[in-house]
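Data file: structure15.cif. Format and content: mmCIF, C-alpha atoms.
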data_work
#
loop_
_atom_site.label_atom_id
_atom_site.label_comp_id
_atom_site.auth_asym_id
_atom_site.auth_seq_id
_atom_site.Cartn_x
_atom_site.Cartn_y
_atom_site.Cartn_z
CA MET O 21 -21.65 -1.71 37.77
CA HIS O 22 -23.57 -1.21 34.52
CA PHE O 23 -22.71 -4.22 32.34
CA TYR O 24 -23.60 -4.73 28.71
CA GLN O 25 -22.47 -6.72 25.70
CA PRO O 26 -21.93 -4.33 22.78
CA ALA O 27 -23.40 -6.77 20.27
CA GLN O 28 -26.67 -6.68 22.21
CA GLY O 29 -26.84 -2.91 22.75
CA HIS O 30 -25.76 -0.67 25.60
CA GLY O 31 -29.19 0.21 26.97
CA LEU O 32 -28.21 3.84 27.53
CA ALA O 33 -29.26 7.16 26.02
CA HIS O 34 -25.97 7.36 24.09
CA ASP O 35 -23.23 4.87 23.28
CA PRO O 36 -20.63 5.50 26.04
CA LEU O 37 -17.55 4.15 24.25
CA ASN O 38 -16.37 7.39 22.68
CA SER O 39 -16.99 9.17 25.99
CA ILE O 40 -14.95 6.61 27.92
CA ILE O 41 -12.01 6.65 25.51
CA ALA O 42 -11.67 10.41 25.80
CA PRO O 43 -10.56 13.04 25.33
CA ARG O 44 -8.91 12.10 22.05
CA PRO O 45 -6.64 14.15 19.78
CA ILE O 46 -8.24 15.11 16.50
CA GLY O 47 -6.91 13.81 13.22
CA TRP O 48 -7.42 16.84 10.97
CA ILE O 49 -6.38 15.20 7.74
CA SER O 50 -5.65 16.97 4.47
CA SER O 51 -5.36 14.91 1.30
CA ILE O 52 -5.44 15.25 -2.46
CA SER O 53 -6.88 13.01 -5.16
CA ALA O 54 -5.09 11.78 -8.27
CA ALA O 55 -7.03 14.45 -10.17
CA GLY O 56 -5.84 17.19 -7.81
CA GLN O 57 -9.03 17.62 -5.72
CA VAL O 58 -8.18 18.75 -2.18
CA ASN O 59 -9.95 17.42 0.89
CA LEU O 60 -9.78 18.36 4.58
CA ALA O 61 -11.63 16.33 7.23
CA PRO O 62 -11.43 15.74 11.00
CA TYR O 63 -11.29 12.23 12.49
CA SER O 64 -11.76 11.63 16.21
CA PHE O 65 -10.36 8.07 16.08
CA PHE O 66 -6.75 9.20 15.73
CA ASN O 67 -3.43 8.79 17.54
CA LEU O 68 0.34 8.23 17.47
CA PHE O 69 1.30 4.56 17.17
CA ASN O 70 5.09 4.43 16.84
CA TYR O 71 7.99 6.62 17.88
CA SER O 72 10.81 5.72 15.49
CA PRO O 73 9.94 6.05 12.71
CA PRO O 74 6.97 8.12 13.83
CA ILE O 75 3.70 6.60 12.66
CA ILE O 76 0.29 8.19 13.13
CA GLY O 77 -3.07 6.80 12.14
CA PHE O 78 -6.78 7.37 11.96
CA ALA O 79 -9.84 5.20 11.40
CA SER O 80 -12.55 6.09 8.92
CA THR O 81 -16.00 4.57 9.24
CA GLY O 82 -16.77 4.03 5.58
CA TRP O 83 -14.70 4.57 2.43
CA LYS O 84 -14.61 8.36 2.52
CA ASP O 85 -12.87 10.90 0.30
CA SER O 86 -9.86 11.08 2.62
CA VAL O 87 -9.26 7.33 2.40
CA GLN O 88 -9.70 7.26 -1.37
CA ASN O 89 -7.35 10.22 -1.84
CA ILE O 90 -4.68 8.69 0.39
CA GLN O 91 -4.93 5.37 -1.42
CA GLN O 92 -4.45 7.17 -4.73
CA SER O 93 -1.65 9.55 -3.71
CA GLY O 94 0.05 7.59 -0.93
CA GLU O 95 0.33 10.78 1.14
CA PHE O 96 -1.54 12.95 3.62
CA CYS O 97 -0.96 15.69 6.18
CA TRP O 98 -2.09 16.00 9.78
CA ASN O 99 -2.86 19.47 11.11
CA LEU O 100 -3.19 20.28 14.81
CA VAL O 101 -6.57 21.68 15.82
CA SER O 102 -6.00 24.33 18.46
CA ARG O 103 -8.92 25.92 20.27
CA PRO O 104 -9.03 29.02 18.00
CA LEU O 105 -9.55 26.68 15.03
CA ALA O 106 -12.49 24.82 16.60
CA ALA O 107 -15.22 26.41 14.47
CA ALA O 108 -13.25 25.94 11.24
CA MET O 109 -12.53 22.31 12.09
CA ASN O 110 -16.20 21.70 12.81
CA GLN O 111 -17.12 23.25 9.47
CA THR O 112 -14.87 20.75 7.67
CA SER O 113 -16.80 17.87 9.27
CA ALA O 114 -19.82 18.65 7.06
CA THR O 115 -20.82 15.98 4.56
CA VAL O 116 -20.32 17.67 1.20
CA PRO O 117 -19.71 16.47 -2.38
CA ALA O 118 -16.15 15.40 -3.23
CA GLU O 119 -15.65 18.44 -5.49
CA VAL O 120 -16.11 20.86 -2.55
CA ASN O 121 -12.86 22.26 -1.18
CA GLU O 122 -13.19 22.22 2.63
CA PHE O 123 -10.37 24.76 2.98
CA GLU O 124 -12.52 27.28 1.14
CA LEU O 125 -15.68 26.14 2.90
CA ALA O 126 -14.12 26.85 6.32
CA GLY O 127 -12.21 29.99 5.29
CA LEU O 128 -8.80 28.37 5.76
CA THR O 129 -5.55 28.96 3.91
CA MET O 130 -3.75 26.20 2.03
CA ALA O 131 0.00 26.03 2.65
CA ALA O 132 2.25 24.05 0.34
CA SER O 133 4.02 21.05 1.84
CA ARG O 134 7.75 20.51 1.38
CA LEU O 135 7.79 16.76 0.80
CA ALA O 136 4.20 15.69 0.15
CA ARG O 137 1.56 16.75 -2.40
CA PRO O 138 -1.39 17.52 -0.08
CA PRO O 139 -1.56 21.08 1.23
CA GLN O 140 -1.52 21.91 4.92
CA VAL O 141 -3.69 24.22 7.02
CA ALA O 142 -1.62 27.40 7.20
CA GLU O 143 -3.40 28.50 10.39
CA SER O 144 -2.41 25.30 12.22
CA LEU O 145 0.57 25.62 14.59
CA ILE O 146 1.82 22.04 14.08
CA ARG O 147 1.61 20.01 10.89
CA PHE O 148 2.91 16.60 9.86
CA GLU O 149 3.62 15.48 6.32
CA CYS O 150 3.03 11.74 6.01
CA LYS O 151 3.54 8.84 3.62
CA LEU O 152 1.01 6.02 3.66
CA SER O 153 2.47 2.92 5.30
CA GLN O 154 -0.63 0.73 5.69
CA LEU O 155 -4.30 0.87 4.73
CA LEU O 156 -6.22 -1.88 6.51
CA PRO O 157 -9.88 -2.87 6.79
CA LEU O 158 -10.68 -3.56 10.43
CA LYS O 159 -11.92 -7.03 11.34
CA ALA O 160 -14.23 -8.31 14.06
CA ALA O 161 -13.10 -11.11 16.38
CA ASP O 162 -14.85 -13.65 14.12
CA GLY O 163 -12.84 -12.50 11.10
CA ARG O 164 -15.58 -10.43 9.43
CA GLU O 165 -14.23 -7.41 7.58
CA LEU O 166 -15.84 -4.21 8.83
CA PRO O 167 -16.66 -1.09 6.79
CA THR O 168 -14.00 0.81 8.74
CA TRP O 169 -10.54 1.57 7.40
CA LEU O 170 -7.37 2.12 9.44
CA VAL O 171 -4.97 4.49 7.72
CA LEU O 172 -1.39 4.50 9.02
CA GLY O 173 1.25 6.90 7.80
CA GLU O 174 4.93 7.51 8.49
CA VAL O 175 5.67 11.11 9.43
CA ILE O 176 8.32 12.37 7.02
CA GLY O 177 8.16 16.08 7.84
CA VAL O 178 7.23 18.07 10.95
CA HIS O 179 6.37 21.79 11.07
CA ILE O 180 6.25 23.46 14.51
CA ALA O 181 5.52 27.15 15.17
CA PRO O 182 8.62 28.60 16.91
CA GLN O 183 6.67 30.06 19.84
CA LEU O 184 5.78 26.51 20.91
CA LEU O 185 9.42 25.59 21.47
CA VAL O 186 10.80 26.77 24.84
CA ASN O 187 14.50 26.00 25.31
CA GLY O 188 14.14 23.19 22.81
CA VAL O 189 11.12 21.64 24.56
CA PHE O 190 7.67 21.55 22.98
CA ASP O 191 5.07 23.39 25.10
CA THR O 192 1.90 21.31 24.90
CA LEU O 193 -0.21 23.81 26.87
CA ALA O 194 0.81 26.69 24.61
CA ALA O 195 -0.35 24.69 21.59
CA ASP O 196 -3.85 24.67 23.16
CA PRO O 197 -4.94 21.43 21.44
CA LEU O 198 -8.64 20.77 21.07
CA LEU O 199 -9.59 17.26 22.15
CA ARG O 200 -12.69 15.27 21.21
CA GLY O 201 -14.92 14.01 23.99
CA GLY O 202 -18.03 11.89 23.80
CA GLY O 203 -21.60 12.71 22.99
CA PRO O 204 -22.78 14.51 19.88
CA GLY O 205 -20.43 17.47 20.20
CA GLU O 206 -18.28 17.54 23.34
CA TYR O 207 -14.70 18.83 23.19
CA PHE O 208 -12.05 19.54 25.82
CA THR O 209 -8.88 21.58 26.22
CA LEU O 210 -5.88 21.32 28.57
CA SER O 211 -5.05 23.54 31.53
CA ALA O 212 -2.00 23.93 33.77
CA SER O 213 -4.10 23.03 36.82
CA GLN O 214 -4.64 19.54 35.40
CA LYS O 215 -0.95 18.86 34.81
CA MET O 216 0.94 16.27 36.89
CA THR O 217 4.38 14.72 36.61
CA LEU O 218 4.94 10.98 37.00
CA LEU O 219 8.43 9.64 36.37
CA ARG O 220 8.84 6.01 35.33
CA PRO O 221 9.98 3.83 38.29
CA GLN O 222 13.63 2.71 38.27
CA VAL O 223 13.93 -1.03 38.84
#
Structure encoded using structure tokens:
Amino acid sequence: MHFYQPAQGHGLAHDPLNSIIAPRPIGWISSISAAGQVNLAPYSFFNLFNYSPPIIGFASTGWKDSVQNIQQSGEFCWNLVSRPLAAAMNQTSATVPAEVNEFELAGLTMAASRLARPPQVAESLIRFECKLSQLLPLKAADGRELPTWLVLGEVIGVHIAPQLLVNGVFDTLAADPLLRGGGPGEYFTLSASQKMTLLRPQV
């Protein structure tokens, strides 16, 4: 077994953590500042954290435009990245000045939300409108605050393309979600051949 203590370095060509915790759904987050400046950015540290009410969250290394906008407005949207949107999503990961509209940069269409101020990615097949529930600086085990912010939001509105609902059941494979792997640019998708069914044991 290769053993290392993260505080002392991993001794490998690339930090393995984000390859081990993978593949991960992508938090493609749209937000808007108090002044009305729109932002769209992907976050690979993203997931669902609660079922009822639904709460999703993402972590931002550094106080980025998305975090600042969400703190100001109290709202954001999550947009599913399907495989056809891979190149556009990657374009929105570029480090650009705050005044740059990433929707325009990536050739995407802004769709108005019903309940929240930030626009959504019209090309995305699933979109969540969210209200900020918590904005927390992460802490190390010794209590040190880290320059990483955890943004949690309650999902207040869900948009699903009708072709992804089959007899009232959401078809995950048809959504073709793009998933972040490790390394500098590895991504994955799902396939029917990888699917398995495991029912929870009855005690």
Q) Counting all atoms listed in the file, what is within 7 Å of Ser39 (chain O), bar same-chain residues fewer than 6 positions away, as a ChimeraX atom specification? A) /O:201-203
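Of note, CA of Gly163 (chain O) and CA of Ala27 (chain O) are spaced 15.1 Å apart.
Note that the spacing between CA of Asn67 (chain O) and CA of Arg134 (chain O) amounts to 22.9 Å.
When CA of Phe96 (chain O) is paired with CA of Ser50 (chain O), their separation reads 5.8 Å.
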(Q) Under the PyMOL selection byres ((chain O and resi 108-125) around 9), which residues of this model are included? Write them out as an MDAnalysis selection string. (A) chainID O and resid 48 57:63 85 101 104:107 126:130 141
**Q.** Shell around Leu158 (chain O) at 8 Å using only C-alpha atoms, local window under 4 positions removed, as a ChimeraX atom specification
**A.** /O:165-170
**Q.** Picked residues, the PyMOL selection byres ((chain O and resi 177) around 9), expected as number ranges by chain
**A.** O: 133-136, 147-150, 175-176, 178-179
For Ile76 (chain O), find every residue with an atom within 7 Å (counting all atoms listed in the file), except residues of its own chain fewer than 3 positions away, and show them as a short mmCIF file (atom, residue, chain, number, x, y, z; two decimals) with C-alpha atoms, keeping the file's coordinate frame.
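The resulting result.cif:
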data_model
loop_
_atom_site.label_atom_id
_atom_site.label_comp_id
_atom_site.auth_asym_id
_atom_site.auth_seq_id
_atom_site.Cartn_x
_atom_site.Cartn_y
_atom_site.Cartn_z
CA ASN O 67 -3.43 8.79 17.54
CA LEU O 68 0.34 8.23 17.47
CA PHE O 69 1.30 4.56 17.17
CA LEU O 172 -1.39 4.50 9.02
CA GLY O 173 1.25 6.90 7.80
CA GLU O 174 4.93 7.51 8.49
#
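In terms of minimum interatomic distance to Thr81 (chain O), O:Ser64 ranks closest within O:Gln183, O:Ser144, O:Asn99, O:Ser64, counting only C-alpha atoms.
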Q: Using all atoms listed in the file, determine which residues lie at most 7 Å from Val171 (chain O), disregarding the query and same-chain residues fewer than 3 positions distant; provide the list as a PyMOL selection string.
A: chain O and resi 77-79+154-156
Q. Which one is closest to Ala42 (chain O): O:Ala161, O:Phe66, O:Lys84, O:Gln222? Count all atoms listed in the file.
A. O:Phe66
Q: Just say which residues the PyMOL selection byres ((chain O and resi 211) around 10) picks in this file, as a list in words.
A: Thr192, Leu193, Ala194, Asp196, Phe208, Thr209, Leu210, Ala212, Ser213, Gln214 and Lys215 of chain O
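Residue nearest Arg137 (chain O) within the list O:Asp191, O:Pro74, O:Gly94, O:Leu185: O:Gly94 [criterion: smallest interatomic distance, all atoms listed in the file].
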Q | Exercise: Asn89 (chain O) partners within 8 Å, only C-alpha atoms, chain neighbours under 2 positions left out, as a VMD selection string | A | chain O and resid 51 to 54 85 to 87 91 to 94
